[in-house]
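Enquirer: If it helps, the file is called input25.cif and holds mmCIF, C-alpha atoms:
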```
data_work
loop_
_atom_site.label_atom_id
_atom_site.label_comp_id
_atom_site.auth_asym_id
_atom_site.auth_seq_id
_atom_site.Cartn_x
_atom_site.Cartn_y
_atom_site.Cartn_z
CA MET Q 1136 0.00 0.00 0.00
CA ARG Q 1137 2.78 2.43 0.87
CA GLU Q 1138 4.40 1.73 -2.48
CA LEU Q 1139 1.15 2.47 -4.31
CA VAL Q 1140 0.75 5.73 -2.37
CA ARG Q 1141 4.32 6.69 -3.24
CA ARG Q 1142 3.82 5.90 -6.93
CA ILE Q 1143 0.59 7.89 -7.14
CA GLU Q 1144 2.17 10.85 -5.37
CA SER Q 1145 5.21 10.83 -7.67
CA ALA Q 1146 3.04 10.50 -10.77
CA THR Q 1147 0.85 13.50 -9.89
CA PRO Q 1148 1.84 16.68 -11.78
CA PRO Q 1149 2.80 19.50 -9.39
CA ASP Q 1150 0.22 21.86 -10.90
CA ARG Q 1151 -2.70 19.45 -10.69
CA ASP Q 1152 -5.61 20.85 -8.69
CA ARG Q 1153 -6.36 17.89 -6.45
CA ALA Q 1154 -9.44 19.59 -5.04
CA LEU Q 1155 -11.17 19.12 -8.42
CA ASP Q 1156 -10.77 15.37 -8.14
CA ALA Q 1157 -12.04 15.47 -4.56
CA LEU Q 1158 -15.15 17.40 -5.57
CA ARG Q 1159 -15.85 14.98 -8.43
CA GLY Q 1160 -15.40 12.01 -6.11
CA LEU Q 1161 -17.68 13.54 -3.47
CA ALA Q 1162 -20.34 14.23 -6.12
CA ILE Q 1163 -20.30 10.64 -7.39
CA LEU Q 1164 -20.29 9.15 -3.89
CA GLY Q 1165 -23.14 11.48 -2.92
CA VAL Q 1166 -25.27 10.14 -5.76
CA VAL Q 1167 -24.40 6.54 -4.87
CA CYS Q 1168 -25.21 6.91 -1.17
CA GLY Q 1169 -28.34 8.87 -2.00
CA HIS Q 1170 -29.66 6.13 -4.27
CA TRP Q 1171 -28.92 3.47 -1.69
CA LEU Q 1172 -30.76 5.44 1.00
CA VAL Q 1173 -33.85 6.64 -0.88
CA THR Q 1174 -34.44 3.58 -3.07
CA ALA Q 1175 -36.18 0.46 -1.80
CA LEU Q 1176 -37.10 -2.81 -3.49
CA VAL Q 1177 -40.25 -4.22 -1.90
CA ALA Q 1178 -41.04 -7.94 -2.25
CA ASP Q 1179 -44.79 -8.42 -2.58
CA SER Q 1180 -46.75 -11.47 -3.80
CA GLY Q 1181 -43.95 -12.90 -5.91
CA THR Q 1182 -42.92 -9.61 -7.49
CA VAL Q 1183 -40.45 -6.87 -6.63
CA HIS Q 1184 -41.26 -3.20 -7.11
CA GLY Q 1185 -39.54 0.05 -6.31
CA ALA Q 1186 -40.47 2.40 -3.47
CA SER Q 1187 -39.02 5.41 -1.70
CA PRO Q 1188 -38.77 6.05 2.04
CA LEU Q 1189 -39.36 9.74 1.30
CA GLN Q 1190 -42.88 8.82 0.24
CA TYR Q 1191 -43.65 7.33 3.66
CA MET Q 1192 -41.31 9.41 5.85
CA PRO Q 1193 -41.18 12.99 4.52
CA GLN Q 1194 -39.30 14.02 7.66
CA PHE Q 1195 -36.21 12.53 6.03
CA THR Q 1196 -36.41 14.97 3.11
CA PRO Q 1197 -33.17 16.72 4.22
CA VAL Q 1198 -31.36 13.53 3.16
CA SER Q 1199 -32.00 14.60 -0.44
CA TRP Q 1200 -30.32 17.95 0.26
CA VAL Q 1201 -27.11 16.21 1.27
CA PHE Q 1202 -26.89 13.51 -1.38
CA GLN Q 1203 -28.31 15.18 -4.51
CA THR Q 1204 -24.90 16.42 -5.67
CA LEU Q 1205 -25.26 16.53 -9.46
CA ALA Q 1206 -24.67 20.31 -9.64
CA VAL Q 1207 -21.17 19.82 -8.22
CA PHE Q 1208 -20.48 17.15 -10.83
CA PHE Q 1209 -21.52 19.53 -13.63
CA LEU Q 1210 -19.50 22.35 -12.06
CA VAL Q 1211 -16.36 20.23 -12.16
CA GLY Q 1212 -17.30 18.94 -15.60
CA GLY Q 1213 -17.56 22.45 -16.98
CA HIS Q 1214 -14.19 23.38 -15.51
CA VAL Q 1215 -12.45 20.26 -16.82
CA GLY Q 1216 -14.19 20.44 -20.20
CA ALA Q 1217 -13.34 24.10 -20.85
CA LYS Q 1218 -9.77 23.77 -19.62
CA GLY Q 1219 -9.24 20.50 -21.49
CA TYR Q 1220 -10.53 21.92 -24.76
CA ALA Q 1221 -8.35 25.00 -24.39
CA SER Q 1222 -5.32 22.76 -23.78
CA ALA Q 1223 -6.21 20.62 -26.80
CA ARG Q 1224 -6.37 23.69 -29.03
CA ALA Q 1225 -3.04 24.91 -27.66
CA ARG Q 1226 -1.52 21.53 -28.64
CA GLY Q 1227 -3.01 21.82 -32.12
CA GLU Q 1228 -5.44 18.98 -31.47
CA SER Q 1229 -8.68 19.03 -33.44
CA TYR Q 1230 -12.11 19.30 -31.86
CA GLY Q 1231 -13.05 15.88 -33.25
CA ARG Q 1232 -10.08 14.13 -31.70
CA TRP Q 1233 -10.62 15.82 -28.35
CA LEU Q 1234 -14.32 14.93 -28.36
CA ARG Q 1235 -13.71 11.30 -29.33
CA ALA Q 1236 -11.33 10.89 -26.41
CA ARG Q 1237 -13.83 12.42 -24.00
CA MET Q 1238 -16.75 10.37 -25.27
CA GLY Q 1239 -14.71 7.17 -25.25
CA ARG Q 1240 -13.91 7.54 -21.56
CA LEU Q 1241 -17.56 8.32 -20.87
CA PHE Q 1242 -19.42 5.67 -22.88
CA ARG Q 1243 -17.06 2.70 -23.09
CA PRO Q 1244 -18.03 1.48 -19.58
CA VAL Q 1245 -21.69 2.33 -20.29
CA ALA Q 1246 -21.74 -0.14 -23.17
CA VAL Q 1247 -20.49 -2.89 -20.86
CA VAL Q 1248 -23.19 -2.38 -18.23
CA LEU Q 1249 -25.91 -2.27 -20.90
CA VAL Q 1250 -24.72 -5.54 -22.47
CA VAL Q 1251 -24.47 -7.28 -19.10
CA TRP Q 1252 -27.95 -6.17 -18.09
CA ALA Q 1253 -29.46 -7.06 -21.46
CA VAL Q 1254 -28.17 -10.62 -20.98
CA ALA Q 1255 -29.33 -10.64 -17.33
CA ALA Q 1256 -32.82 -9.51 -18.32
CA CYS Q 1257 -33.09 -12.26 -20.95
CA VAL Q 1258 -31.93 -14.88 -18.45
CA MET Q 1259 -34.43 -13.71 -15.82
CA LEU Q 1260 -37.32 -13.71 -18.28
CA ALA Q 1261 -36.36 -17.13 -19.62
CA SER Q 1262 -36.23 -18.51 -16.07
CA GLY Q 1263 -39.75 -17.31 -15.32
CA VAL Q 1264 -39.12 -14.10 -13.39
CA ASP Q 1265 -42.12 -11.79 -13.51
CA GLN Q 1266 -41.91 -9.11 -16.20
CA ASP Q 1267 -42.78 -6.34 -13.74
CA THR Q 1268 -39.88 -7.43 -11.53
CA VAL Q 1269 -37.45 -7.41 -14.45
CA ARG Q 1270 -38.73 -4.00 -15.49
CA ALA Q 1271 -38.35 -2.61 -11.95
CA LEU Q 1272 -34.79 -3.91 -11.66
CA GLY Q 1273 -33.81 -2.69 -15.11
CA LYS Q 1274 -35.23 0.76 -14.41
CA LEU Q 1275 -33.01 1.09 -11.35
CA VAL Q 1276 -29.97 0.50 -13.56
CA TRP Q 1277 -30.75 2.53 -16.64
CA SER Q 1278 -32.76 5.44 -15.23
CA PRO Q 1279 -29.69 7.14 -13.64
CA LEU Q 1280 -27.97 7.10 -17.03
CA TRP Q 1281 -30.01 10.10 -18.22
CA PHE Q 1282 -27.53 12.53 -16.74
CA LEU Q 1283 -24.67 10.99 -18.74
CA LEU Q 1284 -26.50 11.87 -21.96
CA VAL Q 1285 -26.93 15.46 -20.75
CA PHE Q 1286 -23.32 15.63 -19.68
CA ALA Q 1287 -22.18 14.26 -23.05
CA ALA Q 1288 -24.27 16.86 -24.89
CA LEU Q 1289 -22.86 19.71 -22.80
CA THR Q 1290 -19.33 18.37 -23.28
CA ALA Q 1291 -19.83 18.28 -27.04
CA ALA Q 1292 -21.11 21.87 -26.90
CA THR Q 1293 -18.16 23.10 -24.82
CA PRO Q 1294 -16.72 25.31 -27.61
CA LEU Q 1295 -20.11 27.07 -27.85
CA VAL Q 1296 -21.04 27.34 -24.17
CA ALA Q 1297 -17.63 27.79 -22.55
CA ARG Q 1298 -18.06 31.59 -22.53
CA LEU Q 1299 -21.81 31.65 -21.96
CA HIS Q 1300 -22.78 33.54 -18.80
CA PRO Q 1301 -24.68 31.29 -16.36
CA LEU Q 1302 -27.43 33.91 -16.04
CA TRP Q 1303 -28.64 33.11 -19.57
CA PRO Q 1304 -29.58 29.45 -18.97
CA LEU Q 1305 -30.86 30.46 -15.50
CA ALA Q 1306 -33.21 32.93 -17.18
CA VAL Q 1307 -34.40 30.16 -19.51
CA VAL Q 1308 -35.25 27.92 -16.54
CA LEU Q 1309 -37.08 30.78 -14.84
CA HIS Q 1310 -39.25 31.50 -17.88
CA VAL Q 1311 -39.94 27.83 -18.60
CA ASP Q 1312 -41.16 27.29 -15.04
CA LEU Q 1313 -43.19 30.49 -15.15
CA ILE Q 1314 -44.98 29.32 -18.29
CA ARG Q 1315 -45.49 25.63 -17.47
CA LEU Q 1316 -46.20 25.98 -13.72
CA GLY Q 1317 -47.42 29.55 -13.24
CA LEU Q 1318 -49.44 29.89 -16.44
CA ASP Q 1319 -50.44 26.21 -16.87
CA GLY Q 1320 -48.41 25.87 -20.05
CA PRO Q 1321 -47.58 22.54 -21.69
CA ALA Q 1322 -45.73 20.12 -19.42
CA ALA Q 1323 -43.50 19.09 -22.32
CA LEU Q 1324 -41.91 22.54 -22.20
CA GLY Q 1325 -40.12 21.40 -19.06
CA ARG Q 1326 -37.79 19.27 -21.17
CA VAL Q 1327 -36.01 22.48 -22.12
CA ASN Q 1328 -34.82 22.62 -18.53
CA VAL Q 1329 -33.01 19.29 -18.84
CA ALA Q 1330 -30.34 21.11 -20.84
CA ALA Q 1331 -30.76 24.64 -19.48
CA GLY Q 1332 -30.86 23.60 -15.82
CA TRP Q 1333 -27.56 21.68 -15.89
CA LEU Q 1334 -26.01 24.24 -18.21
CA VAL Q 1335 -26.02 26.69 -15.27
CA PRO Q 1336 -23.40 24.84 -13.14
CA TYR Q 1337 -21.55 23.74 -16.30
CA CYS Q 1338 -21.14 27.38 -17.34
CA LEU Q 1339 -20.04 28.26 -13.81
CA GLY Q 1340 -17.34 25.61 -14.13
CA ALA Q 1341 -16.24 27.03 -17.48
CA ALA Q 1342 -16.05 30.52 -15.96
CA TRP Q 1343 -13.97 29.06 -13.15
CA ALA Q 1344 -11.59 27.56 -15.73
CA ARG Q 1345 -11.15 31.02 -17.29
CA GLY Q 1346 -10.01 32.44 -13.96
CA GLY Q 1347 -13.33 33.56 -12.52
CA LEU Q 1348 -15.01 32.58 -9.25
CA ARG Q 1349 -11.71 32.92 -7.41
CA SER Q 1350 -12.84 35.02 -4.46
CA ARG Q 1351 -14.47 33.59 -1.35
CA ARG Q 1352 -17.02 36.38 -1.66
CA THR Q 1353 -18.30 34.71 -4.84
CA GLY Q 1354 -18.59 31.39 -3.07
CA TRP Q 1355 -20.53 32.91 -0.19
CA ALA Q 1356 -22.80 34.82 -2.60
CA LEU Q 1357 -23.66 31.61 -4.47
CA LEU Q 1358 -24.16 29.62 -1.26
CA LEU Q 1359 -26.30 32.15 0.60
CA GLY Q 1360 -28.13 33.49 -2.44
CA GLY Q 1361 -28.90 30.02 -3.78
CA ALA Q 1362 -30.05 28.76 -0.37
CA ALA Q 1363 -32.27 31.79 0.19
CA ALA Q 1364 -33.81 31.51 -3.27
CA THR Q 1365 -34.47 27.79 -2.81
CA ALA Q 1366 -36.07 28.34 0.58
CA GLY Q 1367 -38.30 31.05 -0.87
CA LEU Q 1368 -39.38 28.86 -3.78
CA VAL Q 1369 -40.22 25.96 -1.46
CA LEU Q 1370 -42.01 28.04 1.18
CA PHE Q 1371 -43.89 30.49 -1.02
CA ALA Q 1372 -43.98 29.18 -4.61
CA GLY Q 1373 -45.13 25.61 -4.07
CA TYR Q 1374 -41.97 23.78 -5.10
CA PRO Q 1375 -41.39 20.46 -3.30
CA ALA Q 1376 -38.76 20.41 -0.56
CA SER Q 1377 -37.22 17.15 -1.77
CA MET Q 1378 -34.45 17.58 -4.32
CA VAL Q 1379 -35.12 14.12 -5.77
CA GLY Q 1380 -38.29 12.69 -7.22
CA VAL Q 1381 -40.77 11.12 -4.78
CA PRO Q 1382 -43.30 8.55 -6.08
CA GLY Q 1383 -46.80 9.97 -5.97
CA GLY Q 1384 -45.60 13.57 -5.81
CA GLU Q 1385 -47.33 16.15 -8.00
CA LEU Q 1386 -44.04 17.77 -9.02
CA SER Q 1387 -40.45 16.56 -9.13
CA ASN Q 1388 -37.57 18.97 -8.76
CA LEU Q 1389 -35.34 16.68 -10.80
CA ASP Q 1390 -37.41 15.37 -13.71
CA PRO Q 1391 -37.16 17.85 -15.32
CA PRO Q 1392 -34.99 20.23 -13.27
CA THR Q 1393 -36.99 23.05 -11.76
CA LEU Q 1394 -35.93 26.54 -10.81
CA ALA Q 1395 -35.68 25.30 -7.20
CA ALA Q 1396 -33.27 22.52 -8.24
CA VAL Q 1397 -31.13 25.05 -10.12
CA THR Q 1398 -30.98 27.55 -7.25
CA PHE Q 1399 -30.19 24.69 -4.89
CA GLY Q 1400 -27.40 23.71 -7.28
CA LEU Q 1401 -26.03 27.25 -7.13
CA ALA Q 1402 -25.85 26.93 -3.34
CA GLN Q 1403 -24.00 23.62 -3.74
CA CYS Q 1404 -21.56 25.20 -6.19
CA GLY Q 1405 -20.90 28.01 -3.73
CA ALA Q 1406 -20.21 25.47 -0.97
CA ALA Q 1407 -17.88 23.57 -3.31
CA LEU Q 1408 -15.89 26.71 -4.08
CA LEU Q 1409 -15.57 27.50 -0.38
CA LEU Q 1410 -14.26 23.98 0.25
CA LEU Q 1411 -11.41 24.32 -2.24
CA GLY Q 1412 -8.89 25.71 0.23
CA PRO Q 1413 -9.49 23.14 2.98
CA LEU Q 1414 -9.53 20.31 0.43
CA ARG Q 1415 -6.21 21.37 -1.05
CA ARG Q 1416 -4.61 21.40 2.38
CA VAL Q 1417 -5.94 17.96 3.28
CA LEU Q 1418 -5.02 16.49 -0.11
CA ALA Q 1419 -1.40 17.53 0.33
CA ARG Q 1420 -1.15 14.35 2.42
CA PRO Q 1421 -0.08 11.54 0.05
CA ALA Q 1422 -2.31 8.86 1.61
CA VAL Q 1423 -5.44 11.01 1.38
CA TRP Q 1424 -4.64 12.01 -2.19
CA ALA Q 1425 -4.04 8.38 -3.18
CA ALA Q 1426 -7.51 7.42 -1.92
CA VAL Q 1427 -9.13 10.29 -3.84
CA ALA Q 1428 -7.15 9.48 -6.99
CA LEU Q 1429 -8.19 5.82 -6.91
CA VAL Q 1430 -11.85 6.75 -6.44
CA ASN Q 1431 -11.65 9.04 -9.46
CA LEU Q 1432 -10.00 6.38 -11.61
CA SER Q 1433 -13.07 4.19 -10.95
CA ALA Q 1434 -15.69 6.94 -10.66
CA MET Q 1435 -17.66 5.90 -13.73
CA THR Q 1436 -17.54 2.22 -12.77
CA VAL Q 1437 -18.77 3.04 -9.26
CA PHE Q 1438 -21.64 5.11 -10.67
CA LEU Q 1439 -22.68 2.59 -13.31
CA TRP Q 1440 -22.63 -0.47 -11.06
CA HIS Q 1441 -23.81 0.85 -7.68
CA GLN Q 1442 -27.46 0.02 -8.33
CA THR Q 1443 -26.45 -3.43 -9.53
CA ALA Q 1444 -24.64 -3.97 -6.23
CA MET Q 1445 -27.83 -3.17 -4.32
CA ILE Q 1446 -29.86 -5.44 -6.59
CA VAL Q 1447 -27.42 -8.33 -6.19
CA VAL Q 1448 -27.57 -8.11 -2.40
CA THR Q 1449 -31.35 -7.69 -2.36
CA SER Q 1450 -32.11 -10.56 -4.74
CA THR Q 1451 -29.56 -12.95 -3.24
CA VAL Q 1452 -30.81 -12.46 0.31
CA LEU Q 1453 -34.43 -12.79 -0.87
CA PHE Q 1454 -33.63 -16.07 -2.62
CA VAL Q 1455 -31.61 -17.52 0.26
CA GLY Q 1456 -33.36 -16.25 3.38
CA GLY Q 1457 -36.62 -14.56 2.45
CA PRO Q 1458 -37.75 -10.96 3.00
CA LEU Q 1459 -35.73 -8.95 5.52
CA PRO Q 1460 -36.11 -5.41 6.92
CA GLY Q 1461 -34.14 -2.75 5.08
CA LEU Q 1462 -34.06 -4.82 1.90
CA HIS Q 1463 -37.50 -6.12 0.99
CA THR Q 1464 -39.97 -4.43 3.34
CA VAL Q 1465 -41.95 -1.24 2.84
CA PRO Q 1466 -39.75 1.73 3.86
CA ASP Q 1467 -42.24 3.25 6.26
CA GLY Q 1468 -40.53 3.53 9.63
CA PRO Q 1469 -37.37 3.89 11.70
CA VAL Q 1470 -36.80 0.11 11.69
CA TRP Q 1471 -36.35 0.21 7.93
CA VAL Q 1472 -33.95 3.16 8.18
CA LEU Q 1473 -31.75 1.48 10.77
CA ALA Q 1474 -31.77 -1.80 8.86
CA ARG Q 1475 -30.89 -0.05 5.60
CA LEU Q 1476 -27.94 1.70 7.24
CA ALA Q 1477 -26.70 -1.70 8.39
CA TRP Q 1478 -26.91 -3.04 4.83
CA LEU Q 1479 -24.89 -0.19 3.28
CA PRO Q 1480 -21.48 -1.80 4.03
CA VAL Q 1481 -22.69 -4.96 2.29
CA PHE Q 1482 -23.69 -2.93 -0.77
CA ALA Q 1483 -20.25 -1.30 -0.72
CA LEU Q 1484 -18.47 -4.66 -0.50
CA VAL Q 1485 -20.36 -6.03 -3.50
CA LEU Q 1486 -19.65 -2.80 -5.38
CA LEU Q 1487 -15.93 -3.32 -4.75
CA VAL Q 1488 -16.23 -6.79 -6.31
CA LEU Q 1489 -17.99 -5.31 -9.35
CA ARG Q 1490 -15.33 -2.62 -9.59
CA HIS Q 1491 -12.71 -5.37 -9.59
CA ALA Q 1492 -14.55 -7.18 -12.39
CA PHE Q 1493 -15.44 -4.24 -14.63
CA GLY Q 1494 -13.11 -1.39 -13.69
CA ALA Q 1495 -10.69 -2.22 -16.48
CA TYR Q 1496 -13.22 -1.09 -19.11
CA GLU Q 1497 -13.19 2.42 -17.70
CA GLN Q 1498 -9.45 2.56 -18.33
CA GLY Q 1499 -9.81 1.36 -21.93
CA ARG Q 1500 -8.22 -1.99 -21.14
CA SER Q 1501 -9.56 -5.52 -21.14
CA SER Q 1502 -7.02 -7.32 -19.06
CA GLY Q 1503 -8.38 -7.03 -15.56
CA SER Q 1504 -8.09 -4.76 -12.56
CA THR Q 1505 -4.53 -5.75 -11.74
CA VAL Q 1506 -3.43 -3.95 -14.86
CA VAL Q 1507 -5.57 -0.98 -13.79
CA ARG Q 1508 -3.89 -0.85 -10.41
CA LYS Q 1509 -0.45 -1.00 -11.98
CA SER Q 1510 -1.34 1.66 -14.50
CA SER Q 1511 -2.99 4.04 -12.02
CA PRO Q 1512 -0.05 6.47 -11.82
CA ALA Q 1513 0.15 6.56 -15.60
CA ARG Q 1514 -3.57 7.22 -15.80
CA ILE Q 1515 -3.18 10.11 -13.37
CA ARG Q 1516 -0.55 11.64 -15.63
CA GLU Q 1517 -2.71 11.11 -18.71
CA SER Q 1518 -5.81 12.58 -17.09
CA ARG Q 1519 -4.03 15.91 -16.75
CA ARG Q 1520 -4.60 16.38 -20.47
CA ALA Q 1521 -8.34 15.75 -20.21
#
```
How does the structure come out when it is put into structure tokens?
Expert:
Amino acid sequence: MRELVRRIESATPPDRDRALDALRGLAILGVVCGHWLVTALVADSGTVHGASPLQYMPQFTPVSWVFQTLAVFFLVGGHVGAKGYASARARGESYGRWLRARMGRLFRPVAVVLVVWAVAACVMLASGVDQDTVRALGKLVWSPLWFLLVFAALTAATPLVARLHPLWPLAVVLHVDLIRLGLDGPAALGRVNVAAGWLVPYCLGAAWARGGLRSRRTGWALLLGGAAATAGLVLFAGYPASMVGVPGGELSNLDPPTLAAVTFGLAQCGAALLLLGPLRRVLARPAVWAAVALVNLSAMTVFLWHQTAMIVVTSTVLFVGGPLPGLHTVPDGPVWVLARLAWLPVFALVLLVLRHAFGAYEQGRSSGSTVVRKSSPARIRESRRA
């Protein structure tokens, strides 16, 4: 372990901003933990269907404030995308070559998870598993992939949006919500916000890459202003308090993104900017940096397979021992919450096994995770160019 830490430390370029990697890792882990906490698979009369504890226990809504961290991911993505494209142009690299490299790293591991789950679905159906159960399990896996499509579209548009002021897409979200929610306009108009809503933090990240957002005053303005705006929208404009979708709810802040989700994201971006200094100081320690670097090298694998890890544990325990609290029961009380917290380490252990099995595809290799571990320092050097 000490040798790996030493190799990662020596392979890290001196000018690499380690806090960026930490923010990306925290964003991914926030999504993973959030899904594990607010998603339940209930076994009922031979079928399995999805449920949410937020539907039965709205007092746990603040959990969604902590673990809905997509705005931070798009903030970092905008910074890395704008800076990476500028570096590519400085090297004389074409837009097409730069984009192919970015898309390859993004979608190569996606193809693997889709193939594996297509085969798994066929096997389950052929073995007599109920179609509704297969559909519920498949939805858990593929529904989180929507944000990768949005992120890919924004990445491809980086040359066009890198200098776009975040107020422009924010104004689009405001007017879309005003029309569809305030004036009873067509619900389909909300789809505009899927791009415009996430373009706000992406443009903030691009502005950061150009040298903006450097002062702590900016961070505090985003944090306090975004939090105040979100509170006002929830308390006085009828927006839901949960920052994730809740089954049975009249309105979701996430599908499509609402003005409340965007202002909440601005607060998150402000908090992220304020954390940069402390993160940089902590990440100067080689062991801490090595842990963050390894998480980032497997970030896409962790995201793509975390729901599969939960499904594997849930289905295996159901088959072997029958329904258990925290896994197969209705999430309607403190017993379920405590039981689910106890199951989280098991989910994490299975996710580590899946990372071992499929992590190589994220690195563009097919020879197993041992190669990935040996190549980690090289990958850190290469990722500087991204």
Enquirer: By how many Å are CA of Arg1298 (chain Q) and CA of Ala1331 (chain Q) apart?
Expert: 14.8 Å
Enquirer: With distances taken over all atoms listed in the file, which residue among Q:Ala1178, Q:Cys1168, Q:Leu1429, Q:Leu1155 lies nearest Ala1483 (chain Q)?
Expert: Q:Cys1168
Enquirer: For Glu1385 (chain Q), list every protein, DNA or RNA residue within 12 Å, evaluated using all atoms listed in the file, and leave out those in the same chain fewer than 5 positions away; present the list as a ChimeraX atom specification.
Expert: /Q:1190,1316,1373-1375,1377,1380,1390
Enquirer: Tell me which residues the PyMOL selection byres ((chain Q and resi 1475) around 9) grabs here, as a tab-separated table (two decimals) with C-alpha atoms, keeping the file's coordinate frame.
Expert:
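Saved file selection.tsv follows:
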```tsv
chain	number	residue	atom	x	y	z
Q	1171	TRP	CA	-28.92	3.47	-1.69
Q	1172	LEU	CA	-30.76	5.44	1.00
Q	1460	PRO	CA	-36.11	-5.41	6.92
Q	1461	GLY	CA	-34.14	-2.75	5.08
Q	1462	LEU	CA	-34.06	-4.82	1.90
Q	1470	VAL	CA	-36.80	0.11	11.69
Q	1471	TRP	CA	-36.35	0.21	7.93
Q	1472	VAL	CA	-33.95	3.16	8.18
Q	1473	LEU	CA	-31.75	1.48	10.77
Q	1474	ALA	CA	-31.77	-1.80	8.86
Q	1476	LEU	CA	-27.94	1.70	7.24
Q	1477	ALA	CA	-26.70	-1.70	8.39
Q	1478	TRP	CA	-26.91	-3.04	4.83
Q	1479	LEU	CA	-24.89	-0.19	3.28
```
Enquirer: At a cut-off of 10 Å, can you tabulate as JSON lines every residue of region 1443-1478 of chain Q near region 1270-1294 of chain Q together with its closest atom pair and the distance in Å to one decimal, using all atoms listed in the file and ordering rows by chain then number?
Expert:
```
{"residue": "Q:Thr1443", "atom": "CA", "partner": "Q:Val1276", "partner_atom": "CA", "distance": 6.6}
{"residue": "Q:Met1445", "atom": "CA", "partner": "Q:Leu1275", "partner_atom": "CA", "distance": 9.7}
{"residue": "Q:Ile1446", "atom": "CA", "partner": "Q:Leu1272", "partner_atom": "CA", "distance": 7.2}
{"residue": "Q:Ser1450", "atom": "CA", "partner": "Q:Leu1272", "partner_atom": "CA", "distance": 10.0}
```
Enquirer: Just checking: using only C-alpha atoms, which residue out of Q:Val1245, Q:Met1435, Q:Leu1324, Q:Ala1256 ends up closest to Ile1163 (chain Q)?
Expert: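 The answer is Q:Met1435, which sits nearest to Ile1163 (chain Q).
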Enquirer: Just give me the gap between CA of Pro1321 (chain Q) and CA of Pro1304 (chain Q) in Å, one decimal is fine.
Expert: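 Going from CA of Pro1321 (chain Q) over to CA of Pro1304 (chain Q), I get 19.5 Å.
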Enquirer: Can you give me, as number ranges by chain, the residues this file yields under the PyMOL selection byres ((chain Q and resi 1438) around 12)?
Expert: Q: 1159-1171, 1241, 1244-1245, 1248, 1276-1277, 1279-1280, 1282-1283, 1430-1437, 1439-1444, 1483, 1486-1487, 1489-1490, 1493-1494, 1497
Enquirer: Let me know the residues the PyMOL selection byres ((chain Q and resi 1346-1351) around 10) catches in the file above, as a PyMOL selection string.
Expert: chain Q and resi 1339-1345+1352-1357+1405-1406+1408-1412
Enquirer: Distance CA of Phe1482 (chain Q)-CA of Ala1495 (chain Q), one decimal place?
Expert: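 If I compute the distance from CA of Phe1482 (chain Q) to CA of Ala1495 (chain Q), I get 20.4 Å.
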Enquirer: Within 7 Å of Pro1391 (chain Q), counting all atoms listed in the file, which residues show up once you throw out same-chain ones fewer than 5 positions away? Write them as a PyMOL selection string, please.
Expert: chain Q and resi 1325-1326+1328-1329
Enquirer: Which one is closest to Pro1301 (chain Q): Q:Gly1360, Q:Ala1396, Q:Leu1401, Q:Leu1205? Count only C-alpha atoms.
Expert: Q:Leu1401
Enquirer: Go through Q:Ala1157, Q:Leu1389, Q:Ala1175, Q:Met1192 and flag the residue nearest Leu1414 (chain Q), using only C-alpha atoms for the distances.
Expert: Q:Ala1157
Enquirer: Have a look at Q:Val1177, Q:Leu1370, Q:Met1378, Q:Ala1297 and name the one nearest to Pro1197 (chain Q); count all atoms listed in the file.
Expert: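 Among the listed residues, Q:Met1378 lies closest to Pro1197 (chain Q).
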Enquirer: Neighbours of Asp1179 (chain Q) within 12 Å (only C-alpha atoms; same-chain residues fewer than 4 positions away dropped), as a PyMOL selection string?
Expert: chain Q and resi 1183-1186+1265+1267-1268+1453+1457-1458+1463-1465
Enquirer: Could you please give me, as JSON, numbers by chain, the residues of protein, DNA or RNA lying at most 12 Å from (-44.6, 27.1, -14.2) in the coordinate frame of the file, considering only C-alpha atoms?
Expert: {"Q": [1307, 1308, 1309, 1310, 1311, 1312, 1313, 1314, 1315, 1316, 1317, 1318, 1319, 1320, 1321, 1322, 1323, 1324, 1325, 1328, 1368, 1372, 1373, 1374, 1386, 1391, 1392, 1393, 1394, 1395]}
Enquirer: What would the file look like if the residues just selected were written as a compact mmCIF listing (two decimals), in the frame of the given file with C-alpha atoms?
Expert:
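As a result, part-v4.txt now contains:
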```txt
# COMPACT_ATOMS: atom_id res chain seq x y z
CA VAL Q 1307 -34.40 30.16 -19.51
CA VAL Q 1308 -35.25 27.92 -16.54
CA LEU Q 1309 -37.08 30.78 -14.84
CA HIS Q 1310 -39.25 31.50 -17.88
CA VAL Q 1311 -39.94 27.83 -18.60
CA ASP Q 1312 -41.16 27.29 -15.04
CA LEU Q 1313 -43.19 30.49 -15.15
CA ILE Q 1314 -44.98 29.32 -18.29
CA ARG Q 1315 -45.49 25.63 -17.47
CA LEU Q 1316 -46.20 25.98 -13.72
CA GLY Q 1317 -47.42 29.55 -13.24
CA LEU Q 1318 -49.44 29.89 -16.44
CA ASP Q 1319 -50.44 26.21 -16.87
CA GLY Q 1320 -48.41 25.87 -20.05
CA PRO Q 1321 -47.58 22.54 -21.69
CA ALA Q 1322 -45.73 20.12 -19.42
CA ALA Q 1323 -43.50 19.09 -22.32
CA LEU Q 1324 -41.91 22.54 -22.20
CA GLY Q 1325 -40.12 21.40 -19.06
CA ASN Q 1328 -34.82 22.62 -18.53
CA LEU Q 1368 -39.38 28.86 -3.78
CA ALA Q 1372 -43.98 29.18 -4.61
CA GLY Q 1373 -45.13 25.61 -4.07
CA TYR Q 1374 -41.97 23.78 -5.10
CA LEU Q 1386 -44.04 17.77 -9.02
CA PRO Q 1391 -37.16 17.85 -15.32
CA PRO Q 1392 -34.99 20.23 -13.27
CA THR Q 1393 -36.99 23.05 -11.76
CA LEU Q 1394 -35.93 26.54 -10.81
CA ALA Q 1395 -35.68 25.30 -7.20
```
Enquirer: Pick out the closest residue to Arg1416 (chain Q) from this set: Q:Arg1153, Q:Ile1143, Q:Pro1148, Q:Thr1398. Count only C-alpha atoms.
Expert: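 Selected residue with least distance to Arg1416 (chain Q): Q:Arg1153.
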